[in-house]
Amino acid sequence: MKLLKILCLVFIVVLFSACQPTTLDTVSPDGNLKITVKPVMTNSYGEIVFTVSYKGDSILCQSKLGIETEKQKFTTNQRIKSVSDIKYIVDDYRMITGKRSLCINKASERTYFLENDKGQILRVIFRVYNDGIAFKYNLDTIVTREHIIDEYTTYTIPRGTKRWMQQYDVSYECFFPMSTDGKLVGHPEVNLWGYPGLVEPRDSVFMLITEANIRRGHCGSLLYNGDNPDNYQVRLADNNMLMQASSWDSPWRLLIVGTLADVVESTLVTDVSDPSKVRNTEWINSGIASWIYWAYNHGTKDYQKVKDYTDLAADMKWPYTLIDWEWNEMGNGGNIQDAVKYALKKGVKPLMWYNSSTAWIGPGPLFRLNKKEDREREYKWLSDMGVAGIKVDFFSGDSVTTMNYFIDLLEDAVQYKLMLNFHGATLPRGWQRTYPHMMSVEGVYGAEWYNNNSMLTERAAEHNATLPFTRNVVGPMDYTPGTFSDSQYPHITSYSHELALPIIFESALQHMPDKPSVYYALPEEVRKLLSELPTSWDDTKLLSGYPGVEVVMARRKSDVWYIAGINGTDEARMLSVRLEELYNKGDKITLFSDGSSDKDIFIEKNIILSEKTQNMEIKCLPRGGFVMVLNYDI
C-alpha cells in the first residue's frame with residue numbers, strides 16, 4: 001500500500017509538471033536582454049511564442065515560432081519537449097571593410113526542442129547577444145527531397161508603435177516612411193515589407209528586424225502583415241527551398257535591440273554569418289571611384305567621356321573608375337580595351353558593369369556571367385586585362401536560384417581576384433564577412449534616382465536621415481553620394497549635406513557621380529578631403545540623431561576621426577556634436593559647414609579642442625549638414 005501511494009504521488013507530480021506552462025529564459029551576457037519561450041496551449045499542444053525584454057521591460061510580446069515542410073508541420077500543434085543548457089558564445093574577428101575593423105561579440109545560446117503531434121522534432125536555436133537576438137530553425141529531413149514550404153515566425157508590433165519600413169520590392173529601392181498602424185500612407189493595399197524594419201517599441205528603445213547568413217540553397221524572406229496589420233509574419237521568397245542534407249538550418253532571424261547607437265553600431269549581421277572563405281585578401285582594397293552614369297546616362301558609349309572620368313580619378317587620387325553599362329558599344333576613338341589600358345596607364349584601376357541577365361534583358365553586355373564556363377572565361381579575360389572588379393546589375397529577387405547565383409559570382413571571382421558590387425539586388429545579409437570581396441550592394445533608393453523622376457528632390461533630406469538607422473545598419477550601401485550639381489532632376493540639399501554623405505553612408509566602394517568640372521570647381525580644402533577620404537573604418541559611433549530628423553555620425557580611420565551630420569528637415573537646425581569620447585586636449589578640428597546659401601561651404605581651420613569646446617553646436621541650413629575632421633591637416 002505504501003509503495004502504491006508513492007507511485008500515485010509520483011504520477012500526480014509528473015502529470016502536474018506536464019500540464020504546467022514551460023518557461024525558460026535566456027539572458028544576454030550583460031543582463032539587459034532576455035527572451036522567454038513558452039507554449040500557448042488549448043490542450044496538450046498549441047502555439048509556441050517568445051517574448052523579448054530589454055532592461056526589464058517587454059518590447060516584443062507573444063511572437064510566434066513555427067515552420068512547415070512537405071512532411072513536417074510546426075504551428076498550432078507544438079509543445080516544448082526539452083531545453084538545452086546555456087552555451088556561451090565568444091567570438092572576435094577582423095573585417096577588411098565595414099563600420100569596424102575588429103568585431104567582438106558574446107552571446108548566451110540555448111536550444112529549444114519543439115515536438116509536434118506526430119512526434120517530430122524542431123530545434124530552435126536562440127542566441128541572446130548584448131545588442132540583439134538571433135534565432136534559427138534546425139530540422140532533420142525525412143525523405144531524400146523535402147522542401148520548406150512555409151514559415152510561421154511572426155513578430156507582434158502593436159498599433160501605435162512607431163515603425164520605419166519599406167514596401168517590399170525585389171530591388172529594395174523604396175523609402176522608409178514612419179508609420180504607427182502598419183500601413184503605407186496612400187496605399188492601404190500594401191502588406192509586404194522588405195528588411196530591415198526599424199521599430200521603436202518604447203521611447204528611446206529600438207529594434208531592427210532583419211536576417212543573416214544566407215547559404216547556398218537558401219532563399220531570402222520578407223514580412224507580411226495582410227492578415228493583421230500588427231502581426232508581421234516571415235514569408236519565404238521561394239517555397240522551393242530544398243533540404244538535401246540530413247540536417248537543415250534556416251538563415252538567422254535577427255532582432256537588433258537597444259538605443260539608436262546600439263542599433264547603428266551593431267555588427268550582429270556579420271557576427272552570426274560564416275567566417276571569410278577567402279584566405280589571401282591582399283587584393284581586396286576599398287576606395288573611391290569616379291562614375292560616369294549619373295551625369296551622362298549613356299556616356300560609356302563615348303570613349304572620350306570615359307577618359308574624362310579616368311582623368312578625374314587620377315587628378316583626385318581616387319584608386320578606381322567605374323566603366324558603366326553599354327561599354328560593349330563604346331566608340332568615338334576607342335573601345336573597352338583602349339579604355340582599360342588608358343586607366344591603367346594613368347594609375348587608375350578600372351571597374352566594369354555587367355547585366356546579370358536574369359531580370360531585365362536590356363542594356364549589355366548580356367549573358368556573359370550566367371553559365372560557369374562563360375563566367376570563368378569572362379573573369380579570366382578581365383583579370384588578364386587588369387580590371388579590379390565588376391558591378392553586376394538587375395537581379396530577379398530573393399529566390400533560391402538568385403541567391404545561388406550571387407554565391408556563384410562571388411566564389412568564382414576569388415581565383416581571378418575580382419571585387420564585386422551588386423546593383424538592383426537584394427540586401428547584404430552577412431556576405432561582406434564570408435566573401436570580403438563583396439564591396440558594396442545597392443539595395444537602396446539612392447542618388448541614381450535623380451535621373452529617373454522628381455520624387456527624390458523633395459524627400460532626399462528626410463530619406464538620407466533615415467538610412468543610417470535602417471538600410472545601412474545591415475551592410476555596405478552603394479548610394480552614390482557626393483552629387484553637388486543637378487542631374488535630370490534637381491536636388492535641394494546643401495553642398496555641406498552632400499559632403500557629409502560619404503562619411504555617414506558606409507560602403508567599401510564609394511562612387512563619386514558628379515561631372516569632373518563640378519569637383520574641380522570645389523574649394524581646394526574640399527577637394528583634398530574628398531581625395532583622401534577613407535571608405536572602410538576602424539570604428540563607428542552614432543553621436544546623436546533620430547530617423548528622418550537628423551544624424552551625427554563619427555567614423556575613425558587609424559587615429560583620425562571623421563564626423564558628419566545632416567539635417568533631414570526643411571527648417572534650419574542646430575546639431576549637437578559630443579566630442580568628449582573622441583578627442584585629446586589640444587587636438588584641432590577642421591570644420592566644413594553650411595555657408596550663407598546651400599551652395600556655399602564655410603571652412604574653418606585649427607579649432608582647438610578643450611573642455612569648453614568638447615561639445616559643439618553646429619548651425620545647419622534646411623536640409624543642410626557639416627563635416628568636421630579631428631586631428632587632421634587640411
# chains A, B, ... in the order shown; residues from 1 in each chain; ligands from 1

call {"tool": "residues_around", "arguments": {"residues": "A:Thr310", "least_positions_apart": "4", "cutoff": "7 Å", "atoms": "only C-alpha atoms", "output": "PDB file with C-alpha atoms, in the first residue's frame"}}
result
ATOM      1  CA  VAL A 306      35.237  57.673 -70.286  1.00  0.00           C
ATOM      2  CA  ALA A 314      43.745  60.295 -61.393  1.00  0.00           C
ATOM      3  CA  THR A 321      36.898  54.421 -62.140  1.00  0.00           C
ATOM      4  CA  ALA A 343      43.089  53.866 -66.998  1.00  0.00           C
ATOM      5  CA  VAL A 348      43.652  54.103 -62.037  1.00  0.00           C
TER       6      VAL A 348
END

call {"tool": "select_by_dssp", "arguments": {"residues": "stretch 334-517 of chain A", "states": "helix (DSSP H, G or I)", "output": "ChimeraX atom specification"}}
result
/A:336-345,372-385,400-414,431-434,447-451,455-464,467-469,471-474,495-504,516-517

call {"tool": "atom_distance", "arguments": {"atom1": "atom CA of A:Phe394", "atom2": "atom CA of A:Ser356"}}
result
5.9 Å

call {"tool": "closest_residue", "arguments": {"among": "A:Trp283, A:Leu542, A:Tyr168, A:Ile618", "to": "A:Glu581", "atoms": "only C-alpha atoms"}}
result
A:Leu542

call {"tool": "residues_around", "arguments": {"residues": "stretch 364-370 of chain A", "least_positions_apart": "5", "cutoff": "12 Å", "atoms": "only C-alpha atoms", "output": "PDB file with N, CA and C atoms, in the first residue's frame"}}
result
ATOM      1  N   HIS A 298      24.199  57.546 -70.861  1.00  0.00           N
ATOM      2  CA  HIS A 298      24.755  56.634 -71.875  1.00  0.00           C
ATOM      3  C   HIS A 298      26.190  57.021 -72.219  1.00  0.00           C
ATOM      4  N   THR A 300      29.058  55.944 -71.347  1.00  0.00           N
ATOM      5  CA  THR A 300      30.083  54.927 -71.536  1.00  0.00           C
ATOM      6  C   THR A 300      30.236  54.549 -73.006  1.00  0.00           C
ATOM      7  N   LYS A 301      29.270  54.876 -73.824  1.00  0.00           N
ATOM      8  CA  LYS A 301      29.413  54.629 -75.264  1.00  0.00           C
ATOM      9  C   LYS A 301      30.478  55.538 -75.885  1.00  0.00           C
ATOM     10  N   ILE A 323      33.477  51.889 -65.257  1.00  0.00           N
ATOM     11  CA  ILE A 323      33.033  51.960 -66.653  1.00  0.00           C
ATOM     12  C   ILE A 323      31.682  51.265 -66.702  1.00  0.00           C
ATOM     13  N   ASP A 324      30.613  52.040 -66.840  1.00  0.00           N
ATOM     14  CA  ASP A 324      29.271  51.514 -66.620  1.00  0.00           C
ATOM     15  C   ASP A 324      28.687  50.880 -67.878  1.00  0.00           C
ATOM     16  N   TRP A 325      27.349  50.711 -67.857  1.00  0.00           N
ATOM     17  CA  TRP A 325      26.678  49.916 -68.886  1.00  0.00           C
ATOM     18  C   TRP A 325      26.965  50.410 -70.304  1.00  0.00           C
ATOM     19  N   GLU A 326      26.815  49.491 -71.245  1.00  0.00           N
ATOM     20  CA  GLU A 326      26.960  49.733 -72.681  1.00  0.00           C
ATOM     21  C   GLU A 326      28.407  49.935 -73.112  1.00  0.00           C
ATOM     22  N   TRP A 327      29.360  49.495 -72.257  1.00  0.00           N
ATOM     23  CA  TRP A 327      30.752  49.610 -72.690  1.00  0.00           C
ATOM     24  C   TRP A 327      31.043  48.731 -73.908  1.00  0.00           C
ATOM     25  N   ASN A 328      30.220  47.738 -74.138  1.00  0.00           N
ATOM     26  CA  ASN A 328      30.386  46.894 -75.320  1.00  0.00           C
ATOM     27  C   ASN A 328      30.013  47.631 -76.611  1.00  0.00           C
ATOM     28  N   GLU A 329      29.412  48.839 -76.485  1.00  0.00           N
ATOM     29  CA  GLU A 329      29.066  49.649 -77.649  1.00  0.00           C
ATOM     30  C   GLU A 329      29.946  50.898 -77.740  1.00  0.00           C
ATOM     31  N   MET A 330      31.050  50.919 -77.020  1.00  0.00           N
ATOM     32  CA  MET A 330      31.891  52.117 -76.952  1.00  0.00           C
ATOM     33  C   MET A 330      32.476  52.475 -78.309  1.00  0.00           C
ATOM     34  N   ILE A 336      36.596  49.242 -75.322  1.00  0.00           N
ATOM     35  CA  ILE A 336      36.777  48.935 -73.909  1.00  0.00           C
ATOM     36  C   ILE A 336      38.229  48.586 -73.593  1.00  0.00           C
ATOM     37  N   MET A 352      34.162  47.365 -64.097  1.00  0.00           N
ATOM     38  CA  MET A 352      33.297  47.259 -65.270  1.00  0.00           C
ATOM     39  C   MET A 352      31.922  46.706 -64.907  1.00  0.00           C
ATOM     40  N   TRP A 353      30.914  47.213 -65.605  1.00  0.00           N
ATOM     41  CA  TRP A 353      29.500  46.881 -65.376  1.00  0.00           C
ATOM     42  C   TRP A 353      29.072  45.674 -66.191  1.00  0.00           C
ATOM     43  N   TYR A 354      28.187  44.839 -65.587  1.00  0.00           N
ATOM     44  CA  TYR A 354      27.573  43.712 -66.294  1.00  0.00           C
ATOM     45  C   TYR A 354      26.098  43.627 -65.957  1.00  0.00           C
ATOM     46  N   ASN A 355      25.313  43.169 -66.921  1.00  0.00           N
ATOM     47  CA  ASN A 355      23.927  42.818 -66.688  1.00  0.00           C
ATOM     48  C   ASN A 355      23.894  41.375 -66.184  1.00  0.00           C
ATOM     49  N   SER A 356      23.183  41.130 -65.090  1.00  0.00           N
ATOM     50  CA  SER A 356      23.088  39.755 -64.587  1.00  0.00           C
ATOM     51  C   SER A 356      22.333  38.849 -65.550  1.00  0.00           C
ATOM     52  N   SER A 357      21.574  39.481 -66.453  1.00  0.00           N
ATOM     53  CA  SER A 357      20.804  38.743 -67.469  1.00  0.00           C
ATOM     54  C   SER A 357      19.807  37.780 -66.826  1.00  0.00           C
ATOM     55  N   THR A 358      19.201  38.228 -65.732  1.00  0.00           N
ATOM     56  CA  THR A 358      18.162  37.416 -65.079  1.00  0.00           C
ATOM     57  C   THR A 358      16.849  38.162 -64.929  1.00  0.00           C
ATOM     58  N   ALA A 359      16.869  39.481 -64.922  1.00  0.00           N
ATOM     59  CA  ALA A 359      15.650  40.253 -64.668  1.00  0.00           C
ATOM     60  C   ALA A 359      15.273  41.116 -65.861  1.00  0.00           C
ATOM     61  N   ARG A 375      31.311  32.379 -67.358  1.00  0.00           N
ATOM     62  CA  ARG A 375      31.725  33.278 -66.276  1.00  0.00           C
ATOM     63  C   ARG A 375      33.232  33.193 -66.051  1.00  0.00           C
ATOM     64  N   GLU A 376      33.770  32.012 -65.985  1.00  0.00           N
ATOM     65  CA  GLU A 376      35.202  31.869 -65.742  1.00  0.00           C
ATOM     66  C   GLU A 376      36.011  32.395 -66.925  1.00  0.00           C
ATOM     67  N   ARG A 377      35.503  32.230 -68.145  1.00  0.00           N
ATOM     68  CA  ARG A 377      36.188  32.787 -69.311  1.00  0.00           C
ATOM     69  C   ARG A 377      36.199  34.310 -69.243  1.00  0.00           C
ATOM     70  N   GLU A 378      35.050  34.898 -68.857  1.00  0.00           N
ATOM     71  CA  GLU A 378      34.971  36.351 -68.741  1.00  0.00           C
ATOM     72  C   GLU A 378      35.852  36.867 -67.610  1.00  0.00           C
ATOM     73  N   TYR A 379      35.825  36.178 -66.477  1.00  0.00           N
ATOM     74  CA  TYR A 379      36.672  36.565 -65.341  1.00  0.00           C
ATOM     75  C   TYR A 379      38.149  36.539 -65.719  1.00  0.00           C
ATOM     76  N   LYS A 380      38.566  35.531 -66.445  1.00  0.00           N
ATOM     77  CA  LYS A 380      39.976  35.427 -66.848  1.00  0.00           C
ATOM     78  C   LYS A 380      40.343  36.576 -67.776  1.00  0.00           C
ATOM     79  N   TRP A 381      39.440  36.884 -68.711  1.00  0.00           N
ATOM     80  CA  TRP A 381      39.687  37.998 -69.628  1.00  0.00           C
ATOM     81  C   TRP A 381      39.843  39.305 -68.860  1.00  0.00           C
ATOM     82  N   LEU A 382      38.963  39.532 -67.901  1.00  0.00           N
ATOM     83  CA  LEU A 382      39.041  40.745 -67.093  1.00  0.00           C
ATOM     84  C   LEU A 382      40.334  40.792 -66.287  1.00  0.00           C
ATOM     85  N   ILE A 390      33.988  44.098 -60.734  1.00  0.00           N
ATOM     86  CA  ILE A 390      32.820  44.274 -61.588  1.00  0.00           C
ATOM     87  C   ILE A 390      31.611  44.697 -60.764  1.00  0.00           C
ATOM     88  N   LYS A 391      30.700  45.394 -61.445  1.00  0.00           N
ATOM     89  CA  LYS A 391      29.393  45.738 -60.901  1.00  0.00           C
ATOM     90  C   LYS A 391      28.366  44.928 -61.683  1.00  0.00           C
ATOM     91  N   VAL A 392      27.585  44.116 -60.986  1.00  0.00           N
ATOM     92  CA  VAL A 392      26.582  43.278 -61.640  1.00  0.00           C
ATOM     93  C   VAL A 392      25.207  43.796 -61.254  1.00  0.00           C
ATOM     94  N   ASP A 393      24.346  43.990 -62.249  1.00  0.00           N
ATOM     95  CA  ASP A 393      23.094  44.744 -62.063  1.00  0.00           C
ATOM     96  C   ASP A 393      21.876  43.923 -62.479  1.00  0.00           C
ATOM     97  N   PHE A 394      20.707  44.344 -61.999  1.00  0.00           N
ATOM     98  CA  PHE A 394      19.395  43.845 -62.420  1.00  0.00           C
ATOM     99  C   PHE A 394      19.185  42.370 -62.079  1.00  0.00           C
ATOM    100  N   PHE A 395      19.101  42.080 -60.796  1.00  0.00           N
ATOM    101  CA  PHE A 395      18.817  40.717 -60.354  1.00  0.00           C
ATOM    102  C   PHE A 395      17.309  40.534 -60.180  1.00  0.00           C
ATOM    103  N   THR A 401      17.350  30.256 -56.528  1.00  0.00           N
ATOM    104  CA  THR A 401      18.174  30.330 -57.737  1.00  0.00           C
ATOM    105  C   THR A 401      18.998  31.607 -57.769  1.00  0.00           C
ATOM    106  N   THR A 402      18.385  32.737 -57.412  1.00  0.00           N
ATOM    107  CA  THR A 402      19.105  34.007 -57.442  1.00  0.00           C
ATOM    108  C   THR A 402      20.165  34.062 -56.351  1.00  0.00           C
ATOM    109  N   ASN A 404      21.757  31.551 -55.070  1.00  0.00           N
ATOM    110  CA  ASN A 404      22.858  30.688 -55.515  1.00  0.00           C
ATOM    111  C   ASN A 404      23.706  31.386 -56.577  1.00  0.00           C
ATOM    112  N   TYR A 405      23.062  32.180 -57.430  1.00  0.00           N
ATOM    113  CA  TYR A 405      23.790  32.917 -58.470  1.00  0.00           C
ATOM    114  C   TYR A 405      24.724  33.944 -57.845  1.00  0.00           C
ATOM    115  N   PHE A 406      24.247  34.681 -56.835  1.00  0.00           N
ATOM    116  CA  PHE A 406      25.125  35.601 -56.111  1.00  0.00           C
ATOM    117  C   PHE A 406      26.373  34.857 -55.602  1.00  0.00           C
ATOM    118  N   ILE A 407      26.141  33.732 -54.982  1.00  0.00           N
ATOM    119  CA  ILE A 407      27.251  32.966 -54.399  1.00  0.00           C
ATOM    120  C   ILE A 407      28.181  32.450 -55.494  1.00  0.00           C
ATOM    121  N   ASP A 408      27.623  32.005 -56.620  1.00  0.00           N
ATOM    122  CA  ASP A 408      28.460  31.578 -57.755  1.00  0.00           C
ATOM    123  C   ASP A 408      29.362  32.718 -58.218  1.00  0.00           C
ATOM    124  N   LEU A 409      28.773  33.897 -58.379  1.00  0.00           N
ATOM    125  CA  LEU A 409      29.549  35.058 -58.823  1.00  0.00           C
ATOM    126  C   LEU A 409      30.677  35.369 -57.853  1.00  0.00           C
ATOM    127  N   LEU A 410      30.385  35.295 -56.564  1.00  0.00           N
ATOM    128  CA  LEU A 410      31.384  35.615 -55.550  1.00  0.00           C
ATOM    129  C   LEU A 410      32.475  34.552 -55.479  1.00  0.00           C
ATOM    130  N   ASP A 412      33.477  32.228 -57.679  1.00  0.00           N
ATOM    131  CA  ASP A 412      34.334  32.099 -58.857  1.00  0.00           C
ATOM    132  C   ASP A 412      35.238  33.312 -59.051  1.00  0.00           C
ATOM    133  N   ALA A 413      34.899  34.442 -58.441  1.00  0.00           N
ATOM    134  CA  ALA A 413      35.712  35.649 -58.597  1.00  0.00           C
ATOM    135  C   ALA A 413      37.006  35.593 -57.805  1.00  0.00           C
TER     136      ALA A 413
END

call {"tool": "closest_residue", "arguments": {"among": "A:Val264, A:Ala289, A:Val269, A:Ala107", "to": "A:Gly545", "atoms": "only C-alpha atoms"}}
result
A:Val264

call {"tool": "residues_around", "arguments": {"residues": "A:Glu524", "least_positions_apart": "4", "cutoff": "12 Å", "atoms": "only C-alpha atoms", "output": "list in words"}}
result
Met316, Tyr519, Tyr520, Lys528, Leu529, Leu530, Ser531, Ile601, Ile603 and Ile634 of chain A

call {"tool": "select_by_dssp", "arguments": {"residues": "stretch 214-289 of chain A", "states": "strand (DSSP E)", "output": "list in words"}}
result
Ser221, Leu222, Leu223, Tyr224, Asn231, Tyr232, Gln233, Val234, Arg235, Leu236, Met241, Leu242, Met243, Ser247, Trp248, Asp249, Trp252, Arg253, Leu254, Leu255, Ile256, Val257, Gly258, Gly287, Ile288 and Ala289 of chain A

call {"tool": "atom_distance", "arguments": {"atom1": "atom CA of A:Gln120", "atom2": "atom CA of A:Gly46"}}
result
14.4 Å
